[in-house]
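S.K.: Sending over final.pdb (PDB, C-alpha atoms).
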MODEL        1
ATOM      1  CA  MET Q   1      16.631 -15.498  -5.865
ATOM      2  CA  ASN Q   2      13.131 -16.948  -5.857
ATOM      3  CA  GLU Q   3      10.724 -14.151  -6.798
ATOM      4  CA  ASN Q   4       7.792 -16.139  -5.360
ATOM      5  CA  ALA Q   5       9.373 -16.267  -1.908
ATOM      6  CA  SER Q   6       7.776 -13.867   0.551
ATOM      7  CA  SER Q   7      10.273 -11.410   1.986
ATOM      8  CA  GLU Q   8      10.337 -10.282   5.610
ATOM      9  CA  ASN Q   9      11.258  -6.637   6.193
ATOM     10  CA  THR Q  10      11.498  -4.574   9.382
ATOM     11  CA  VAL Q  11      11.655  -0.830  10.020
ATOM     12  CA  LEU Q  12      12.887  -0.341  13.582
ATOM     13  CA  SER Q  13      11.598   2.258  16.058
ATOM     14  CA  ASP Q  14      14.690   4.487  15.762
ATOM     15  CA  LEU Q  15      14.148   5.085  12.023
ATOM     16  CA  GLU Q  16      12.311   8.180  10.774
ATOM     17  CA  ILE Q  17      11.215   8.391   7.132
ATOM     18  CA  THR Q  18      10.099  11.539   5.343
ATOM     19  CA  GLY Q  19       8.464  10.510   2.085
ATOM     20  CA  SER Q  20       7.014   7.307   0.712
ATOM     21  CA  LEU Q  21       7.889   3.674   1.239
ATOM     22  CA  THR Q  22       7.088   0.803  -1.142
ATOM     23  CA  PHE Q  23       7.729  -2.821  -0.191
ATOM     24  CA  LYS Q  24       7.100  -6.421  -1.271
ATOM     25  CA  GLY Q  25       6.239  -9.311   1.010
ATOM     26  CA  ASN Q  26       5.788  -8.598   4.715
ATOM     27  CA  LEU Q  27       6.775  -5.398   6.504
ATOM     28  CA  SER Q  28       6.882  -4.870  10.256
ATOM     29  CA  PHE Q  29       6.935  -1.096  10.764
ATOM     30  CA  GLU Q  30       7.913   0.287  14.190
ATOM     31  CA  GLY Q  31       9.346   3.664  13.118
ATOM     32  CA  LYS Q  32       7.985   7.060  12.139
ATOM     33  CA  LEU Q  33       6.812   8.143   8.686
ATOM     34  CA  SER Q  34       5.625  11.590   7.580
ATOM     35  CA  ASN Q  35       4.853  13.478   4.357
ATOM     36  CA  GLY Q  36       4.355  10.346   2.291
ATOM     37  CA  GLY Q  37       2.759   6.936   2.484
ATOM     38  CA  ILE Q  38       3.280   3.194   2.518
ATOM     39  CA  THR Q  39       2.391   0.870  -0.360
ATOM     40  CA  GLY Q  40       2.901  -2.881  -0.443
ATOM     41  CA  GLU Q  41       1.596  -6.288   0.515
ATOM     42  CA  ASN Q  42       1.262  -7.329   4.185
ATOM     43  CA  LEU Q  43       1.871  -4.507   6.669
ATOM     44  CA  PHE Q  44       2.148  -4.759  10.456
ATOM     45  CA  VAL Q  45       2.191  -1.367  12.220
ATOM     46  CA  GLY Q  46       3.743  -1.937  15.653
ATOM     47  CA  LYS Q  47       2.910  -0.213  18.949
ATOM     48  CA  SER Q  48       5.800   2.255  18.693
ATOM     49  CA  ALA Q  49       4.934   3.253  15.097
ATOM     50  CA  ASN Q  50       3.676   6.712  14.179
ATOM     51  CA  ILE Q  51       2.581   7.080  10.551
ATOM     52  CA  LYS Q  52       1.353  10.354   9.047
ATOM     53  CA  GLY Q  53       0.491   9.335   5.506
ATOM     54  CA  ASN Q  54      -1.750   7.131   3.424
ATOM     55  CA  ILE Q  55      -1.480   3.342   3.360
ATOM     56  CA  LYS Q  56      -2.363   1.058   0.439
ATOM     57  CA  VAL Q  57      -1.706  -2.649   1.088
ATOM     58  CA  LYS Q  58      -3.113  -6.172   0.681
ATOM     59  CA  SER Q  59      -3.488  -6.773   4.436
ATOM     60  CA  LEU Q  60      -2.985  -4.575   7.480
ATOM     61  CA  ARG Q  61      -2.705  -4.953  11.259
ATOM     62  CA  VAL Q  62      -2.358  -1.751  13.281
ATOM     63  CA  GLU Q  63      -1.142  -1.630  16.886
ATOM     64  CA  GLY Q  64       0.345   1.896  16.738
ATOM     65  CA  THR Q  65      -0.752   5.340  15.507
ATOM     66  CA  VAL Q  66      -1.818   6.173  11.950
ATOM     67  CA  VAL Q  67      -3.104   9.489  10.604
ATOM     68  CA  GLY Q  68      -4.062   9.042   6.957
ATOM     69  CA  ASN Q  69      -6.378   7.238   4.592
ATOM     70  CA  ILE Q  70      -6.134   3.476   4.230
ATOM     71  CA  THR Q  71      -6.998   1.144   1.361
ATOM     72  CA  VAL Q  72      -6.726  -2.600   2.054
ATOM     73  CA  LYS Q  73      -7.576  -5.316  -0.492
ATOM     74  CA  GLY Q  74      -8.026  -7.912   2.237
ATOM     75  CA  LYS Q  75      -8.335  -7.627   6.014
ATOM     76  CA  CYS Q  76      -7.815  -4.456   8.039
ATOM     77  CA  ASP Q  77      -7.267  -5.306  11.713
ATOM     78  CA  LEU Q  78      -7.079  -2.679  14.485
ATOM     79  CA  ALA Q  79      -5.633  -4.033  17.744
ATOM     80  CA  GLU Q  80      -6.677  -2.681  21.148
ATOM     81  CA  SER Q  81      -3.656  -0.328  21.211
ATOM     82  CA  ALA Q  82      -4.369   1.142  17.731
ATOM     83  CA  ALA Q  83      -5.170   4.828  17.191
ATOM     84  CA  LEU Q  84      -6.295   5.617  13.648
ATOM     85  CA  THR Q  85      -7.592   8.847  12.114
ATOM     86  CA  GLY Q  86      -8.598   8.704   8.448
ATOM     87  CA  ASP Q  87     -10.884   6.965   6.003
ATOM     88  CA  ILE Q  88     -10.717   3.204   5.476
ATOM     89  CA  LYS Q  89     -11.679   1.184   2.396
ATOM     90  CA  SER Q  90     -11.321  -2.551   2.975
ATOM     91  CA  SER Q  91     -12.788  -5.931   2.067
ATOM     92  CA  SER Q  92     -12.806  -6.978   5.732
ATOM     93  CA  PHE Q  93     -12.551  -4.964   8.971
ATOM     94  CA  VAL Q  94     -11.896  -6.019  12.573
ATOM     95  CA  MET Q  95     -11.573  -3.587  15.486
ATOM     96  CA  ALA Q  96     -10.635  -4.741  18.976
ATOM     97  CA  GLU Q  97     -12.191  -3.241  22.087
ATOM     98  CA  GLY Q  98      -9.981  -0.355  23.211
ATOM     99  CA  ALA Q  99      -8.887   0.709  19.720
ATOM    100  CA  ALA Q 100      -9.553   4.330  18.716
ATOM    101  CA  TYR Q 101     -10.843   5.149  15.232
ATOM    102  CA  SER Q 102     -12.149   8.353  13.655
ATOM    103  CA  GLY Q 103     -13.112   8.497   9.981
ATOM    104  CA  GLN Q 104     -15.354   7.021   7.326
ATOM    105  CA  LEU Q 105     -15.419   3.278   6.763
ATOM    106  CA  GLN Q 106     -16.303   1.505   3.504
ATOM    107  CA  ILE Q 107     -16.406  -2.287   3.660
ATOM    108  CA  GLY Q 108     -17.134  -4.660   0.796
ATOM    109  CA  PRO Q 109     -15.635  -7.299  -1.469
ATOM    110  CA  ASP Q 110     -14.423  -4.649  -3.917
ATOM    111  CA  ALA Q 111     -13.854  -1.865  -1.392
ATOM    112  CA  GLU Q 112     -10.916  -0.527  -3.379
ATOM    113  CA  GLN Q 113     -13.382   0.314  -6.182
ATOM    114  CA  LEU Q 114     -16.006   1.947  -3.919
ATOM    115  CA  LYS Q 115     -16.692   5.608  -4.440
ATOM    116  CA  PRO Q 116     -17.967   7.983  -1.728
ATOM    117  CA  LYS Q 117     -21.698   8.630  -1.752
ATOM    118  CA  PRO Q 118     -22.742  12.225  -2.494
TER     119      PRO Q 118
ENDMDL
END
How would this structure read if it were set down as structure tokens?
M.R.:
Amino acid sequence: MNENASSENTVLSDLEITGSLTFKGNLSFEGKLSNGGITGENLFVGKSANIKGNIKVKSLRVEGTVVGNITVKGKCDLAESAALTGDIKSSSFVMAEGAAYSGQLQIGPDAEQLKPKP
């Protein structure tokens, strides 16, 4: 198996996870997650997804619902159908008209290293 090959993974809408999920490559998440978090590379949160937990990834696109804090090394993209409650630290942030967001936002090239201001 080529370790450099990017893997494609999918969590379907009928799957419910209690706890944490770690992945490599790309993950399309349509299910439900609670009492944990998601860690990995490139995460797509679909319209039917409902995540109650923190997310730490390289890139993120949200079309569903997330309640939790998010750390993204690269781009964080909220689509018009996204509903997000929690703090975001990201190098780049895009929010479409119609998306709902409530929380604190820290944007910068080293956002992962940023600390809250007193």
S.K.: Quick one: pull the distance between CA of Leu12 (chain Q) and CA of Leu105 (chain Q), Å, one decimal.
M.R.: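 The value is 29.3 Å.
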S.K.: Please provide the set of residues having any atom within 6 Å of region 55-61 of chain Q, restricted to all atoms listed in the file, with same-chain residues fewer than 5 positions apart removed, written as a list in words.
M.R.: Gly37, Ile38, Thr39, Gly40, Glu41, Asn42, Leu43, Phe44, Ile70, Thr71, Val72, Lys73, Gly74, Lys75, Cys76, Asp77 and Leu78 of chain Q
S.K.: Just checking: using only C-alpha atoms, which residue out of Q:Thr22, Q:Asp14, Q:Thr85, Q:Glu80 ends up closest to Gly98 (chain Q)?
M.R.: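 Of all the options, Q:Glu80 lies closest to Gly98 (chain Q).
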S.K.: Calculated over all atoms listed in the file, which of the candidates Q:Ala100, Q:Ile17, Q:Val67, Q:Val94 has the smallest distance to Ser81 (chain Q)?
M.R.: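 Between Q:Ala100, Q:Ile17, Q:Val67, Q:Val94, the residue approaching Ser81 (chain Q) most closely is Q:Ala100.
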S.K.: Between Q:Leu15, Q:Ala96, Q:Ala49, Q:Gly103, which has the minimum distance to Asn69 (chain Q) (counting all atoms listed in the file)?
M.R.: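 When distances to Asn69 (chain Q) are compared using all atoms listed in the file, the smallest one comes from Q:Gly103.
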S.K.: So, with all atoms listed in the file as the atoms that count, which of Q:Leu33, Q:Val62, Q:Ile107, Q:Val11 lies closest to Met95 (chain Q)?
M.R.: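 Residue with the minimum atom-to-atom distance to Met95 (chain Q): Q:Val62.
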S.K.: Could you name the residues that touch Phe29 (chain Q) at 6 Å or less, counting only C-alpha atoms, but leaving out those on the same chain fewer than 4 positions away, as a ChimeraX atom specification?
M.R.: /Q:10-11,45-46
S.K.: Between CA of Ser28 (chain Q) and CA of Gly64 (chain Q), what is the distance in Å, rounded to a tenth?
M.R.: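 That distance, rounded to one decimal, is 11.4 Å.
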S.K.: Do you have the CA of Glu8 (chain Q)-CA of Leu21 (chain Q) distance handy?
M.R.: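 These two atoms are separated by 14.8 Å.
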S.K.: Selected by the PyMOL selection byres ((chain Q and resi 53) around 6) in the shown coordinates: which residues, as number ranges by chain?
M.R.: Q: 34, 36-37, 51-52, 54, 68
S.K.: Could you write out the selected residues, including C-alpha atoms, as a tab-separated table (two decimals), in the coordinates of the input?
M.R.:
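So the final result, stored in result36.tsv, reads:
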chain	number	residue	atom	x	y	z
Q	34	SER	CA	5.62	11.59	7.58
Q	36	GLY	CA	4.36	10.35	2.29
Q	37	GLY	CA	2.76	6.94	2.48
Q	51	ILE	CA	2.58	7.08	10.55
Q	52	LYS	CA	1.35	10.35	9.05
Q	54	ASN	CA	-1.75	7.13	3.42
Q	68	GLY	CA	-4.06	9.04	6.96
S.K.: Under the PyMOL selection byres ((chain Q and resi 109) around 9), which residues of this model are included? Write them out as an MDAnalysis selection string.
M.R.: chainID Q and resid 73:74 90:92 107:108 110:112
S.K.: Taking all atoms listed in the file into account, name the residue in Q:Phe93, Q:Asn50, Q:Ile88, Q:Ser7 that is nearest to Gln106 (chain Q).
M.R.: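 Among the listed residues, Q:Ile88 lies closest to Gln106 (chain Q).
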